[in-house]
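Asker: My structure is below; once you've seen it, I'll send some questions.
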Amino acid sequence: MLPTVINHFLTIGCTFPDVDLLQPADPFLDTTGEDLRRRIFMTQETSGKQLCLRPEFTIPVCLNHLKEGHEQARYAYGGKVFRQRSEGATEFTQAGFEDLGNPDKASSDIYCITTALELLKNAQISAPRLVVGNQAIFVSLLDALEIPNAWRKKLLRAFGDNARLQNQLKAMSVGVEPINTLSDDIASAIDLENREKVLNLVTEHMVKDGLPLSGGRTPTAITERLFELRELQNTILSSDKAKALQAFLSLEVDLNEASNAIEAFEADHGIELSGAASRLEHLASATLGDVASAQYRASFGRRLDYYTGLVFEVYGDDQTKPLIGGGRYDQLLTLLGSETEVPAVGFAVWVDRLGGVS
Amino acid sequence: MNLTIAVPSKGRLKEKAVSLFGDAGFELNLPEDARSYQGSLKTSNGKEIADVLFLSASEIARELANGNIHAGITGEDLARETIANADEHLEFAVKLGFGHANVVIAVPEAWWDVNTMADLDDVAAEFRSRHGRRLRIATKYWNLTQGFFADHGIALYRIVESLGATEAAPAAGQADGIVDITSTGSTLRANGLKILDDGTILQSEANFICSRNAAIKSSHRESLMDICRKLGQGAAQ
C-alpha cells in the first residue's frame with residue numbers, strides 16, 4: 001500500500017525530505033521526554049553521541065525545514081519506523097504529511113483533513129469514520145470562564161486524559177492545602193504580598209546552599225510559583241463554572257451537529273467561544289460525503305505540550321486502531337529551536353493497517 | 001547443575017550475608033584460595049547442599065534473571081534497577097533486615113514551592129519555556145526513575161547519568177534534582193537537598209532472592225525452601 005500513499009502525496013505536490021534511519025536521539029527525548037527512551041531503540045557512536053532508530057518522521061522533517069530555512073512548505077514521507085512495544089511488531093511502515101509555516105491555520109487544517117480522507121479513498125478504504133477535537137476551543141472556554149492562570153495551566157496539561165482532568169477539576173473545587181514547611185519569614189512575606197522580600201529570601205537560601213542562580217530554576221521562577229500556589233489556594237471553582245466545564249467536556253456529537261451544540265452550550269452558560277461554532281461548521285461541510293460518520297468530541301486532545309489545536313483520527317473497520325492520526329502542533333518547531341512560532345499541522349498513516357498488497 | 005547460590009563478593013553485604021547463614025544454622029565455607037570465587041554451603045550436620053558463588057551485587061541480579069543461579073543475596077534496589085519487570089523473573093523470598101537504603105527523589109531545599117511529585121510535574125511542564133531546556137534529574141537509577149516518573153504522569157524531563165557524588169549535581173549545575181539512595185537523609189541535607197513528601201521510590205534492603213528462570217530439581221527445591229525458612233527465622237530475630 002505504501003506506493004499508493006506515496007503516489008498520492010506526489011500528486012498533490014509534496015516535497016520528500018531525506019530522513020536517515022539513524023537519527024540523533026536528543027531531539028526526540030527533548031520534545032517527547034525521557035519516558036520515550038523505553039519505547040525507542042537507542043545506540044551510540046564511539047564518540048558517545050546517542051543515536052536512535054527513526055521512531056517517527058515528524059521531528060526530522062521539522063528539523064530539516066528549519067535547517068533549510070524555508071518559510072512555508074508541504075512535506076510528505078514514507079518508510080519504516082521502529083518502536084519498542086509490548087505487543088505488535090517493533091518495525092512498521094509509516095507515511096505522513098506535514099504542512100509547515102502556513103499562516104492561514106483554518107484552511108490548512110481543512111486541507112490536512114481532506115488530504116487524509118482522499119488518501120484513504122485512493123487506498124480503497126470505503127466509509128471511514130472521522131473523530132475530531134480541538135484544544136483551542138477548550139482554551140477559549142477557560143478564557144471565557146476567567147479561570148486563574150495557575151489552574152488554567154494544570155487543566156491544559158491534563159487535557160486529553162479524562163481521568164487526570166477530572167482529578168484536577170476535583171482539586172479545583174476543594175482548593176489546595178497551603179504549604180506547611182515554609183519558614184516563618186517567607187510565609188509572612190507571601191501573606192503581605194511582598195514579592196521583593198520573598199525573592200531576596202529565596203536568593204539568600206540558594207546562595208547559602210551553593211546553588212547556581214542562573215542556568216536552572218532562578219529565584220524569580222521559585223518566587224513566582226510560590227505566589228501561583230497562593231492563587232491556587234485562594235481560588236475555589238464555583239459550581240456554575242464546574243458545571244460549564246463538565247458540560248463542555250461531555251459534548252460528543254455528530255460533526256454536522258457540532259456548531260449547533262456549541263451555540264446551545266454558549267447560550268446555556270452565557271459565554272462565547274470565539275469562532276468555535278463556525279470553525280466546526282466549515283470542517284463539517286468540507287468532510288461531508290467522504291466519511292461514513294464524523295464525530296466531534298470536545299474532550300479529545302493529545303497530552304503533548306506542543307499540540308495546540310485541531311486533532312483528528314480516522315478509523316476503518318477496526319474501532320480500536322486508527323488508520324490515520326493527526327493534528328496541529330504549532331509549538332513543536334519552537335521546541336526544536338525556531339525563534340518564531342511556525343504554524344504546523346499534519347498526519348501520520350499506519351500503512352500496515354490499510355491492508356491490500358503492500 | 002548443583003543448587004547454586006550467590007553471595008556478594010565484598011564489603012558489608014558480604015560480611016552480613018556470611019554471618020546470616022551462620023546464625024541460621026548453616027556453615028558457609030569461603031573459598032580456600034583467596035583468588036577463587038567459589039565456596040560451599042553445608043547443613044549443621046556437614047551435608048553439602050549448595051555451591052556458593054561470590055559475585056558483585058549487580059551481577060547477582062543479572063545471573064538470577066538469566067537463570068544461571070538459583071538464588072542469591074543482593075539489594076532490592078539493585079535487583080529492580082538491573083532487571084526490568086523484576087517480579088516476573090525474581091522472587092523476593094526473604095527480607096534480610098540489613099542493607100537498608102531508600103531510593104528517593106530529592107530537590108533543592110530552596111525550592112520552597114516544590115514538596116510533592118505534583119509540584120515537580122508543574123515545574124517540569126514549564127521548565128523548557130522558562131529555562132530553555134528540560135528539567136534534569138541526575139541518577140544512576142535509570143529504570144527506577146523512569147518507572148516512578150511515568151507512574152506520576154511526568155514525561156517532560158531528562159536523566160543525566162551520575163556514577164558518583166550524585167548529591168552534588170544540583171550545586172554543580174549538572175542537574176536540577178536527583179534520584180539516589182539514602183539511609184538517614186543526612187548527606188542530602190548537608191547538600192541542601194530535601195526528599196519530596198511522596199518521593200520515596202523504593203524502601204530497599206538486602207533480600208534473599210530466588211530465580212524464577214533457573215531450572216531446578218525437586219530435591220534442590222526442597223533444600224532451597226529449607227534455606228528460605230531458616231533465613232526467614234534468622235532475619236526475624
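Within each chain, counting starts at residue 1; across the C-alpha cells, chains are named A, B, ... in the order shown, with ligands numbered 1 upward in that order.
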Got a sec to pull out which chain A residues are within 6 Å of chain B, counting only C-alpha atoms, and send them as a list of chain:residue names?
Answerer: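 Selected residues: A:Gly33, A:Glu34, A:Asp35, A:His205, A:Met206, A:Asp209, A:Gly210, A:Leu211, A:Leu226.
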Asker: Write the residues of the preceding selection, restricted to N, CA and C atoms, as a PDB file, in the first residue's frame.
Answerer:
ATOM      1  N   GLY A  33      10.180  13.704  25.870  1.00  0.00           N
ATOM      2  CA  GLY A  33      10.505  13.437  27.264  1.00  0.00           C
ATOM      3  C   GLY A  33      11.248  12.130  27.453  1.00  0.00           C
ATOM      4  N   GLU A  34      11.825  12.007  28.649  1.00  0.00           N
ATOM      5  CA  GLU A  34      12.696  10.882  28.974  1.00  0.00           C
ATOM      6  C   GLU A  34      11.983   9.534  28.833  1.00  0.00           C
ATOM      7  N   ASP A  35      10.683   9.522  29.063  1.00  0.00           N
ATOM      8  CA  ASP A  35       9.949   8.266  29.044  1.00  0.00           C
ATOM      9  C   ASP A  35      10.029   7.586  27.676  1.00  0.00           C
ATOM     10  N   HIS A 205      18.789  31.899  50.305  1.00  0.00           N
ATOM     11  CA  HIS A 205      18.813  30.461  50.580  1.00  0.00           C
ATOM     12  C   HIS A 205      19.630  29.715  49.510  1.00  0.00           C
ATOM     13  N   MET A 206      19.413  30.107  48.250  1.00  0.00           N
ATOM     14  CA  MET A 206      20.136  29.436  47.170  1.00  0.00           C
ATOM     15  C   MET A 206      21.632  29.702  47.264  1.00  0.00           C
ATOM     16  N   ASP A 209      23.191  27.597  49.993  1.00  0.00           N
ATOM     17  CA  ASP A 209      23.367  26.189  49.626  1.00  0.00           C
ATOM     18  C   ASP A 209      24.255  26.000  48.403  1.00  0.00           C
ATOM     19  N   GLY A 210      24.839  27.103  47.925  1.00  0.00           N
ATOM     20  CA  GLY A 210      25.760  26.990  46.800  1.00  0.00           C
ATOM     21  C   GLY A 210      25.102  26.622  45.488  1.00  0.00           C
ATOM     22  N   LEU A 211      23.807  26.964  45.338  1.00  0.00           N
ATOM     23  CA  LEU A 211      23.111  26.642  44.081  1.00  0.00           C
ATOM     24  C   LEU A 211      23.346  27.738  43.056  1.00  0.00           C
ATOM     25  N   LEU A 226       5.607  30.368  44.044  1.00  0.00           N
ATOM     26  CA  LEU A 226       5.063  30.462  45.403  1.00  0.00           C
ATOM     27  C   LEU A 226       3.775  31.299  45.395  1.00  0.00           C
TER      28      LEU A 226
END
Asker: If we count only C-alpha atoms and set the cut-off at 9 Å, which residues sit around B:Lys14, ignoring sequence neighbours fewer than 6 positions away in its own chain? Please answer as a PDB file with N, CA and C atoms, in the first residue's frame.
Answerer:
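Wrote result_19.pdb, looks like this:
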ATOM      1  N   VAL B   7      26.497 -14.944  46.636  1.00  0.00           N
ATOM      2  CA  VAL B   7      26.640 -14.047  47.784  1.00  0.00           C
ATOM      3  C   VAL B   7      27.562 -12.903  47.349  1.00  0.00           C
ATOM      4  N   PRO B   8      27.282 -11.665  47.813  1.00  0.00           N
ATOM      5  CA  PRO B   8      28.136 -10.541  47.410  1.00  0.00           C
ATOM      6  C   PRO B   8      29.595 -10.814  47.740  1.00  0.00           C
ATOM      7  N   PHE B  54      30.736 -16.186  44.740  1.00  0.00           N
ATOM      8  CA  PHE B  54      30.896 -14.815  45.231  1.00  0.00           C
ATOM      9  C   PHE B  54      30.963 -13.867  44.036  1.00  0.00           C
ATOM     10  N   ILE B  73      21.896 -13.334  47.282  1.00  0.00           N
ATOM     11  CA  ILE B  73      21.633 -12.227  48.200  1.00  0.00           C
ATOM     12  C   ILE B  73      22.092 -10.935  47.536  1.00  0.00           C
TER      13      ILE B  73
END
Asker: Name the closest residue to A:Phe138 among the candidates A:His282, A:Pro3, A:Lys153, A:Gly216; distances are taken between atoms, counting only C-alpha atoms.
Answerer: A:Lys153
Asker: Show which residues sit within 9 Å of A:Thr58, as a list in words. Count only C-alpha atoms, and ignore same-chain residues fewer than 6 positions away.
Answerer: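 So, after excluding close chain neighbours, the residues are Tyr77, Gly96, Phe97, Glu98, Gly346, Phe347 and Ala348 of chain A.
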Asker: Could you pull out the residues in stretch 57-183 of chain B that DSSP calls helix (DSSP H, G or I) from the backbone, as a ChimeraX atom specification?
Answerer: /B:57-66,76-82,86-89,117-131,142-151,166-168
Asker: Find the residues around A:Ile324 up to 8 Å (only C-alpha atoms counted), leave out those fewer than 3 positions away in its own chain, and share them as an MDAnalysis selection string.
Answerer: chainID A and resid 116 313:315 347:350
Asker: With only C-alpha atoms as the counted atoms, please give the residues lying no more than 10 Å from B:Arg212, apart from itself and same-chain residues fewer than 2 positions off, as a list in words.
Answerer: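 Listed by chain and then number, they are Leu64, Ala65, Asn66, Gly67, His70, Ala71, Asp87, Glu88, His89, Leu90, Glu91, Ile209, Cys210, Ala214, Ala215 and Ile216 of chain B.
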Asker: What's the 6 Å shell around stretch 198-204 of chain A, counting only C-alpha atoms, without same-chain residues fewer than 3 positions away, as a list of chain:residue names?
Answerer: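 What passes the distance filter is A:Ile186, A:Ala189, A:Arg195, A:Val207, A:Pro219, A:Thr223.
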Asker: Measure the distance from atom CA of A:Asp99 to atom CA of A:Glu68 in Å and round it to one decimal.
Answerer: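 Value for the atom CA of A:Asp99-atom CA of A:Glu68 distance: 15.2 Å.
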Asker: Smallest atom-to-atom distance to B:Gln38: which of B:Val52, B:Leu96, B:Ser186, B:Ser219, using only C-alpha atoms?
Answerer: B:Val52
Asker: Just the residues within 12 Å of A:Ala136, please, counting only C-alpha atoms, with nothing from its chain fewer than 3 positions along; format it as a PyMOL selection string.
Answerer: chain A and resi 105-106+133+139-143+156+159+273-276+279-280+298-301+307-311+327-330
Asker: Based on the selection just made, write N, CA and C atoms of those residues as a short mmCIF file (atom, residue, chain, number, x, y, z; two decimals), in the first residue's frame.
Answerer:
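Result file is selection.cif:
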data_model
loop_
_atom_site.label_atom_id
_atom_site.label_comp_id
_atom_site.auth_asym_id
_atom_site.auth_seq_id
_atom_site.Cartn_x
_atom_site.Cartn_y
_atom_site.Cartn_z
N LYS A 105 -4.35 29.20 9.30
CA LYS A 105 -4.49 27.94 10.04
C LYS A 105 -5.80 27.23 9.73
N ALA A 106 -6.89 28.00 9.64
CA ALA A 106 -8.20 27.36 9.43
C ALA A 106 -8.21 26.58 8.13
N GLY A 133 -11.30 16.73 17.51
CA GLY A 133 -11.35 17.53 18.73
C GLY A 133 -10.55 18.79 18.48
N VAL A 139 -9.39 26.11 25.25
CA VAL A 139 -8.70 27.33 25.70
C VAL A 139 -9.66 28.51 25.72
N SER A 140 -10.49 28.65 24.67
CA SER A 140 -11.44 29.78 24.70
C SER A 140 -12.43 29.63 25.84
N LEU A 141 -12.78 28.38 26.18
CA LEU A 141 -13.69 28.19 27.31
C LEU A 141 -13.03 28.64 28.62
N LEU A 142 -11.75 28.27 28.81
CA LEU A 142 -11.04 28.68 30.03
C LEU A 142 -10.94 30.20 30.10
N ASP A 143 -10.70 30.84 28.93
CA ASP A 143 -10.68 32.31 28.88
C ASP A 143 -12.03 32.87 29.29
N LEU A 156 -4.95 22.60 31.18
CA LEU A 156 -4.49 22.42 29.80
C LEU A 156 -3.54 21.24 29.69
N PHE A 159 -5.54 18.09 29.67
CA PHE A 159 -6.50 17.96 28.58
C PHE A 159 -6.10 16.80 27.66
N LEU A 273 -17.52 31.30 22.84
CA LEU A 273 -16.28 30.61 22.48
C LEU A 273 -15.90 31.10 21.09
N SER A 274 -14.98 32.07 21.06
CA SER A 274 -14.73 32.83 19.84
C SER A 274 -14.52 31.95 18.60
N GLY A 275 -15.46 32.02 17.68
CA GLY A 275 -15.30 31.38 16.39
C GLY A 275 -15.42 29.87 16.35
N ALA A 276 -15.65 29.23 17.52
CA ALA A 276 -15.63 27.77 17.56
C ALA A 276 -16.72 27.17 16.68
N ARG A 279 -15.97 27.46 12.97
CA ARG A 279 -14.86 26.59 12.60
C ARG A 279 -15.35 25.15 12.42
N LEU A 280 -16.17 24.70 13.35
CA LEU A 280 -16.67 23.32 13.28
C LEU A 280 -17.61 23.15 12.08
N ALA A 298 -15.49 16.99 22.39
CA ALA A 298 -14.90 18.20 22.98
C ALA A 298 -13.68 17.88 23.83
N SER A 299 -13.63 16.68 24.44
CA SER A 299 -12.53 16.36 25.36
C SER A 299 -11.35 15.70 24.66
N PHE A 300 -11.43 15.53 23.33
CA PHE A 300 -10.39 14.82 22.60
C PHE A 300 -9.17 15.72 22.38
N GLY A 301 -8.02 15.28 22.89
CA GLY A 301 -6.78 16.03 22.70
C GLY A 301 -5.60 15.11 22.90
N TYR A 307 1.07 20.14 21.02
CA TYR A 307 -0.22 20.11 20.29
C TYR A 307 -1.09 21.26 20.78
N THR A 308 -1.64 22.02 19.86
CA THR A 308 -2.30 23.27 20.28
C THR A 308 -3.74 23.41 19.81
N GLY A 309 -4.14 22.68 18.78
CA GLY A 309 -5.48 22.93 18.23
C GLY A 309 -6.15 21.66 17.78
N LEU A 310 -6.50 21.65 16.48
CA LEU A 310 -7.20 20.50 15.90
C LEU A 310 -6.46 19.19 16.16
N VAL A 311 -7.20 18.16 16.54
CA VAL A 311 -6.68 16.79 16.49
C VAL A 311 -7.72 15.93 15.78
N GLY A 327 -3.00 16.24 13.62
CA GLY A 327 -3.37 17.39 14.41
C GLY A 327 -2.45 18.57 14.18
N ARG A 328 -2.77 19.64 14.90
CA ARG A 328 -1.99 20.88 14.79
C ARG A 328 -1.01 20.96 15.94
N TYR A 329 0.25 21.27 15.63
CA TYR A 329 1.30 21.29 16.66
C TYR A 329 2.16 22.55 16.50
N ASP A 330 1.55 23.69 16.73
CA ASP A 330 2.22 24.97 16.49
C ASP A 330 3.42 25.21 17.41
#
Asker: What does the distance from atom CA of A:His70 to atom CA of A:Pro343 come to in Å, to one decimal?
Answerer: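 Between atom CA of A:His70 and atom CA of A:Pro343 the gap works out to 12.7 Å.
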Asker: Going by DSSP on the backbone, which bits of stretch 139-342 of chain A are strand (DSSP E)? Write them as a VMD selection string, please.
Answerer: chain A and resid 252 to 254 293 to 297 310 to 315 324 to 328
Asker: Just to confirm, what's the straight-line distance from atom CA of A:Ala258 to atom CA of A:Ser238 in Å (one decimal)?
Answerer: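 Result for atom CA of A:Ala258 versus atom CA of A:Ser238: 26.5 Å, one decimal.
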